[in-house]
Amino acid sequence: MKLWISCFFLLYSVSFTQAKNMLGLPDVLTQGGFYVGKVAPNSQLWLGEKNIEISPEGYFAVGMNWKQSAVVTFRLVAAKGAEYHQKFVVKKQKYDVTRINGLPSKMVTPPKDVLARIAADSARVKKARATDSNRLDFRGRFIWPVRGRVSGNFGNQRILNGIAKSPHGGMDIAAPKGTTIIAPLGGVVTMVSDLYYTGNTVIIDHGLGVSTVFAHMDNVAVTVGQVIPQGAKIGSVGATGRATGPHLHWGLNWYNERLNPALVMGH
């Protein structure tokens, strides 16, 4: 009887043990980071309560929130039912906070007559980011969509007249108006819209919830549903929407989680 109980607890502890090198992820993750991993085909994977989609080949994508907790735990269920928990330390990022007071109210809070448009814009963007195709473009190595001075960093936040605004959800690259913007990865165009805040905006789906967004464009050279290869022209740099000068706002998303594009470029 004692031997049977010992064997039971041994099997139980093995099935819930800390898995080593089973997800193909770095040992230390970073707030706002984007990662591609691989597990055995027909496995199931969770990050907290979120079930992560896995391709038939075993590939998956995952992103860390900009304020992700210091430790995250993945739960992996193998094809034959064995269950493993794997913890990762998450490196904290430092973000700049700028306080500006004495601004006219219209520069802090949008006028009431555009609130409906802003809400519709937000819904359109959220729908495009929720795209969950089976493409595997996200496995590729990113290239810069445009070259120029980085004028705005991911996660930075402004507090205007004491009101905290949303953190910057991407990176800004300053370049002359008309400079060509190219696709950093191949994919399918899921949105082309003129939005109140970001002007001419394009979203490209790269598979399994991974997408990139390009904003404030002068003109757009692609259409919704178009399949484009990496390096294809998607438009040109502009200052449309609420922009103070020509630049590209480039965002990286895992579903509706905004991630830091600079991290995938080693910036």
# chains A, B, ... in the order shown; residues from 1 in each chain; ligands from 1

call {"tool": "select_by_dssp", "arguments": {"residues": "stretch 95-143 of chain A", "states": "strand (DSSP E)", "output": "PyMOL selection string"}}
result
chain A and resi 97-100

call {"tool": "residues_around", "arguments": {"residues": "stretch 232-239 of chain A", "least_positions_apart": "6", "cutoff": "6 Å", "atoms": "only C-alpha atoms", "output": "list in words"}}
result
Lys177, Gly178, Thr179, Thr180, Ile181, Ile182, Ala183, His216, Met217, Asp218, Asn219, Val220, Ala221, Val222, Gly245, Pro246, His247 and Leu248 of chain A

call {"tool": "write_last_selection", "arguments": {"atoms": "N, CA and C atoms", "output": "mmCIF file, in the first residue's frame"}}
result
data_model
loop_
_atom_site.group_PDB
_atom_site.id
_atom_site.type_symbol
_atom_site.label_atom_id
_atom_site.label_comp_id
_atom_site.auth_asym_id
_atom_site.auth_seq_id
_atom_site.Cartn_x
_atom_site.Cartn_y
_atom_site.Cartn_z
ATOM 1 N N LYS A 177 8.451 63.475 -45.434
ATOM 2 C CA LYS A 177 7.173 63.142 -46.059
ATOM 3 C C LYS A 177 7.415 62.505 -47.429
ATOM 4 N N GLY A 178 6.714 61.403 -47.685
ATOM 5 C CA GLY A 178 6.855 60.706 -48.954
ATOM 6 C C GLY A 178 7.830 59.547 -48.934
ATOM 7 N N THR A 179 8.579 59.389 -47.828
ATOM 8 C CA THR A 179 9.517 58.267 -47.725
ATOM 9 C C THR A 179 8.746 56.946 -47.781
ATOM 10 N N THR A 180 9.259 55.998 -48.552
ATOM 11 C CA THR A 180 8.577 54.716 -48.724
ATOM 12 C C THR A 180 8.557 53.904 -47.435
ATOM 13 N N ILE A 181 7.395 53.316 -47.140
ATOM 14 C CA ILE A 181 7.222 52.396 -46.018
ATOM 15 C C ILE A 181 7.048 50.997 -46.584
ATOM 16 N N ILE A 182 7.799 50.029 -46.045
ATOM 17 C CA ILE A 182 7.711 48.657 -46.531
ATOM 18 C C ILE A 182 7.210 47.719 -45.427
ATOM 19 N N ALA A 183 6.718 46.578 -45.834
ATOM 20 C CA ALA A 183 6.207 45.585 -44.883
ATOM 21 C C ALA A 183 7.365 44.909 -44.155
ATOM 22 N N HIS A 216 -0.378 57.457 -39.580
ATOM 23 C CA HIS A 216 -0.028 58.811 -40.025
ATOM 24 C C HIS A 216 0.532 58.819 -41.445
ATOM 25 N N MET A 217 0.202 57.818 -42.245
ATOM 26 C CA MET A 217 0.753 57.696 -43.591
ATOM 27 C C MET A 217 0.229 58.795 -44.509
ATOM 28 N N ASP A 218 1.076 59.242 -45.436
ATOM 29 C CA ASP A 218 0.665 60.237 -46.423
ATOM 30 C C ASP A 218 -0.265 59.604 -47.443
ATOM 31 N N ASN A 219 0.134 58.457 -47.973
ATOM 32 C CA ASN A 219 -0.744 57.693 -48.861
ATOM 33 C C ASN A 219 -0.539 56.211 -48.634
ATOM 34 N N VAL A 220 -1.510 55.427 -49.076
ATOM 35 C CA VAL A 220 -1.514 53.976 -48.875
ATOM 36 C C VAL A 220 -1.450 53.290 -50.226
ATOM 37 N N ALA A 221 -0.588 52.255 -50.324
ATOM 38 C CA ALA A 221 -0.379 51.577 -51.600
ATOM 39 C C ALA A 221 -0.933 50.156 -51.608
ATOM 40 N N VAL A 222 -1.727 49.792 -50.579
ATOM 41 C CA VAL A 222 -2.272 48.433 -50.497
ATOM 42 C C VAL A 222 -3.771 48.511 -50.248
ATOM 43 N N GLY A 245 4.274 66.356 -37.122
ATOM 44 C CA GLY A 245 5.257 66.363 -38.192
ATOM 45 C C GLY A 245 5.304 65.000 -38.848
ATOM 46 N N PRO A 246 5.935 64.896 -40.025
ATOM 47 C CA PRO A 246 5.970 63.605 -40.732
ATOM 48 C C PRO A 246 6.748 62.537 -39.974
ATOM 49 N N HIS A 247 6.112 61.421 -39.777
ATOM 50 C CA HIS A 247 6.758 60.279 -39.122
ATOM 51 C C HIS A 247 5.868 59.055 -39.310
ATOM 52 N N LEU A 248 6.436 57.888 -39.065
ATOM 53 C CA LEU A 248 5.672 56.647 -39.066
ATOM 54 C C LEU A 248 5.488 56.179 -37.639
#

call {"tool": "residues_around", "arguments": {"residues": "stretch 108-122 of chain A", "least_positions_apart": "5", "cutoff": "10 Å", "atoms": "only C-alpha atoms", "output": "list in words"}}
result
Asn101, Leu103, Lys127, Ile159, Leu160, Asn161, Gly162, Ile163, Ala164, Lys165, Ser193, Asp194, Leu195, Tyr196, Tyr197 and Thr198 of chain A

call {"tool": "closest_atom_pairs", "arguments": {"of": "stretch 67-119 of chain A", "to": "stretch 30-40 of chain A", "cutoff": "12 Å", "atoms": "only C-alpha atoms", "output": "Markdown table"}}
result
| residue | atom | partner | partner_atom | distance |
| --- | --- | --- | --- | --- |
| A:Lys67 | CA | A:Gln31 | CA | 6.1 |
| A:Gln68 | CA | A:Gln31 | CA | 5.5 |
| A:Ser69 | CA | A:Gln31 | CA | 8.2 |
| A:Ala70 | CA | A:Gln31 | CA | 8.8 |
| A:Val71 | CA | A:Thr30 | CA | 10.3 |
| A:Val72 | CA | A:Thr30 | CA | 10.8 |
| A:Phe74 | CA | A:Gly37 | CA | 11.9 |
| A:Arg75 | CA | A:Val39 | CA | 11.8 |
| A:Leu76 | CA | A:Val39 | CA | 8.8 |
| A:Val77 | CA | A:Ala40 | CA | 9.9 |
| A:Ala78 | CA | A:Ala40 | CA | 7.3 |
| A:Ala79 | CA | A:Ala40 | CA | 7.8 |
| A:Lys80 | CA | A:Ala40 | CA | 10.7 |
| A:Tyr84 | CA | A:Val39 | CA | 12.0 |
| A:Phe88 | CA | A:Thr30 | CA | 9.9 |
| A:Val89 | CA | A:Thr30 | CA | 8.3 |
| A:Val90 | CA | A:Thr30 | CA | 5.0 |
| A:Lys91 | CA | A:Thr30 | CA | 4.5 |
| A:Lys92 | CA | A:Gln31 | CA | 5.8 |
| A:Gln93 | CA | A:Gln31 | CA | 6.0 |
| A:Lys94 | CA | A:Gln31 | CA | 9.5 |
| A:Tyr95 | CA | A:Gln31 | CA | 10.7 |

call {"tool": "write_last_selection", "arguments": {"atoms": "N, CA and C atoms", "output": "PDB file, in the first residue's frame"}}
result
ATOM      1  N   LYS A  67       3.247  46.064 -18.791  1.00  0.00           N
ATOM      2  CA  LYS A  67       3.421  46.077 -17.340  1.00  0.00           C
ATOM      3  C   LYS A  67       3.344  44.657 -16.777  1.00  0.00           C
ATOM      4  N   GLN A  68       3.777  43.687 -17.563  1.00  0.00           N
ATOM      5  CA  GLN A  68       3.682  42.276 -17.171  1.00  0.00           C
ATOM      6  C   GLN A  68       4.303  42.039 -15.795  1.00  0.00           C
ATOM      7  N   SER A  69       3.697  41.143 -15.036  1.00  0.00           N
ATOM      8  CA  SER A  69       4.215  40.804 -13.711  1.00  0.00           C
ATOM      9  C   SER A  69       5.594  40.170 -13.806  1.00  0.00           C
ATOM     10  N   ALA A  70       6.296  40.094 -12.693  1.00  0.00           N
ATOM     11  CA  ALA A  70       7.692  39.660 -12.670  1.00  0.00           C
ATOM     12  C   ALA A  70       7.880  38.193 -13.043  1.00  0.00           C
ATOM     13  N   VAL A  71       6.823  37.398 -12.900  1.00  0.00           N
ATOM     14  CA  VAL A  71       6.899  35.965 -13.231  1.00  0.00           C
ATOM     15  C   VAL A  71       5.611  35.564 -13.951  1.00  0.00           C
ATOM     16  N   VAL A  72       5.750  34.817 -15.033  1.00  0.00           N
ATOM     17  CA  VAL A  72       4.581  34.269 -15.719  1.00  0.00           C
ATOM     18  C   VAL A  72       4.693  32.755 -15.750  1.00  0.00           C
ATOM     19  N   PHE A  74       3.362  29.277 -17.747  1.00  0.00           N
ATOM     20  CA  PHE A  74       2.705  28.601 -18.863  1.00  0.00           C
ATOM     21  C   PHE A  74       2.303  27.202 -18.403  1.00  0.00           C
ATOM     22  N   ARG A  75       1.156  26.741 -18.910  1.00  0.00           N
ATOM     23  CA  ARG A  75       0.718  25.369 -18.646  1.00  0.00           C
ATOM     24  C   ARG A  75       0.660  24.633 -19.970  1.00  0.00           C
ATOM     25  N   LEU A  76       1.438  23.576 -20.074  1.00  0.00           N
ATOM     26  CA  LEU A  76       1.521  22.782 -21.294  1.00  0.00           C
ATOM     27  C   LEU A  76       0.921  21.407 -21.056  1.00  0.00           C
ATOM     28  N   VAL A  77       0.001  21.026 -21.927  1.00  0.00           N
ATOM     29  CA  VAL A  77      -0.576  19.679 -21.872  1.00  0.00           C
ATOM     30  C   VAL A  77      -0.152  18.955 -23.133  1.00  0.00           C
ATOM     31  N   ALA A  78       0.642  17.916 -22.966  1.00  0.00           N
ATOM     32  CA  ALA A  78       1.166  17.156 -24.098  1.00  0.00           C
ATOM     33  C   ALA A  78       0.058  16.335 -24.750  1.00  0.00           C
ATOM     34  N   ALA A  79       0.343  15.855 -25.959  1.00  0.00           N
ATOM     35  CA  ALA A  79      -0.658  15.109 -26.729  1.00  0.00           C
ATOM     36  C   ALA A  79      -1.197  13.907 -25.959  1.00  0.00           C
ATOM     37  N   LYS A  80      -0.357  13.286 -25.135  1.00  0.00           N
ATOM     38  CA  LYS A  80      -0.777  12.093 -24.394  1.00  0.00           C
ATOM     39  C   LYS A  80      -1.338  12.430 -23.020  1.00  0.00           C
ATOM     40  N   TYR A  84       2.508  19.996 -17.722  1.00  0.00           N
ATOM     41  CA  TYR A  84       3.730  20.625 -17.224  1.00  0.00           C
ATOM     42  C   TYR A  84       3.484  22.113 -16.979  1.00  0.00           C
ATOM     43  N   PHE A  88       8.588  31.667 -16.091  1.00  0.00           N
ATOM     44  CA  PHE A  88       9.603  32.524 -16.686  1.00  0.00           C
ATOM     45  C   PHE A  88       9.662  33.841 -15.925  1.00  0.00           C
ATOM     46  N   VAL A  89      10.874  34.291 -15.685  1.00  0.00           N
ATOM     47  CA  VAL A  89      11.072  35.624 -15.112  1.00  0.00           C
ATOM     48  C   VAL A  89      10.871  36.651 -16.222  1.00  0.00           C
ATOM     49  N   VAL A  90      10.212  37.767 -15.909  1.00  0.00           N
ATOM     50  CA  VAL A  90       9.959  38.828 -16.879  1.00  0.00           C
ATOM     51  C   VAL A  90      10.730  40.075 -16.459  1.00  0.00           C
ATOM     52  N   LYS A  91      11.606  40.518 -17.336  1.00  0.00           N
ATOM     53  CA  LYS A  91      12.432  41.696 -17.057  1.00  0.00           C
ATOM     54  C   LYS A  91      11.593  42.964 -17.134  1.00  0.00           C
ATOM     55  N   LYS A  92      11.734  43.821 -16.120  1.00  0.00           N
ATOM     56  CA  LYS A  92      10.978  45.064 -16.065  1.00  0.00           C
ATOM     57  C   LYS A  92      11.603  46.115 -16.972  1.00  0.00           C
ATOM     58  N   GLN A  93      10.762  46.880 -17.655  1.00  0.00           N
ATOM     59  CA  GLN A  93      11.211  47.957 -18.519  1.00  0.00           C
ATOM     60  C   GLN A  93      10.937  49.308 -17.853  1.00  0.00           C
ATOM     61  N   LYS A  94      11.766  50.284 -18.143  1.00  0.00           N
ATOM     62  CA  LYS A  94      11.571  51.630 -17.619  1.00  0.00           C
ATOM     63  C   LYS A  94      10.975  52.503 -18.708  1.00  0.00           C
ATOM     64  N   TYR A  95       9.881  53.185 -18.386  1.00  0.00           N
ATOM     65  CA  TYR A  95       9.210  54.041 -19.349  1.00  0.00           C
ATOM     66  C   TYR A  95       9.237  55.493 -18.861  1.00  0.00           C
TER      67      TYR A  95
END

call {"tool": "closest_residue", "arguments": {"among": "A:Gly225, A:Asp172, A:Val97, A:Gln86", "to": "A:Ala243", "atoms": "only C-alpha atoms"}}
result
A:Asp172

call {"tool": "atom_distance", "arguments": {"atom1": "atom CA of A:Asp132", "atom2": "atom CA of A:Gly207"}}
result
6.3 Å

call {"tool": "residues_around", "arguments": {"residues": "A:Tyr59", "least_positions_apart": "3", "cutoff": "12 Å", "atoms": "only C-alpha atoms", "output": "VMD selection string"}}
result
chain A and resid 22 to 25 35 to 45 52 to 56 62 134 to 139 207 to 208

call {"tool": "select_by_dssp", "arguments": {"residues": "stretch 88-242 of chain A", "states": "helix (DSSP H, G or I)", "output": "list in words"}}
result
Ser105, Lys106, Met107, Lys112, Asp113, Val114, Leu115, Ala116, Arg117, Ile118, Ala119, Ala120, Asp121, Ser122, Ala123, Arg124, Val125, Lys126, Lys127, Ala128, Arg129, Asp137, Phe138 and Arg139 of chain A

call {"tool": "atom_distance", "arguments": {"atom1": "atom CA of A:Gln230", "atom2": "atom CA of A:Trp254"}}
result
18.6 Å

call {"tool": "atom_distance", "arguments": {"atom1": "atom CA of A:Gln157", "atom2": "atom CA of A:Ala130"}}
result
24.7 Å
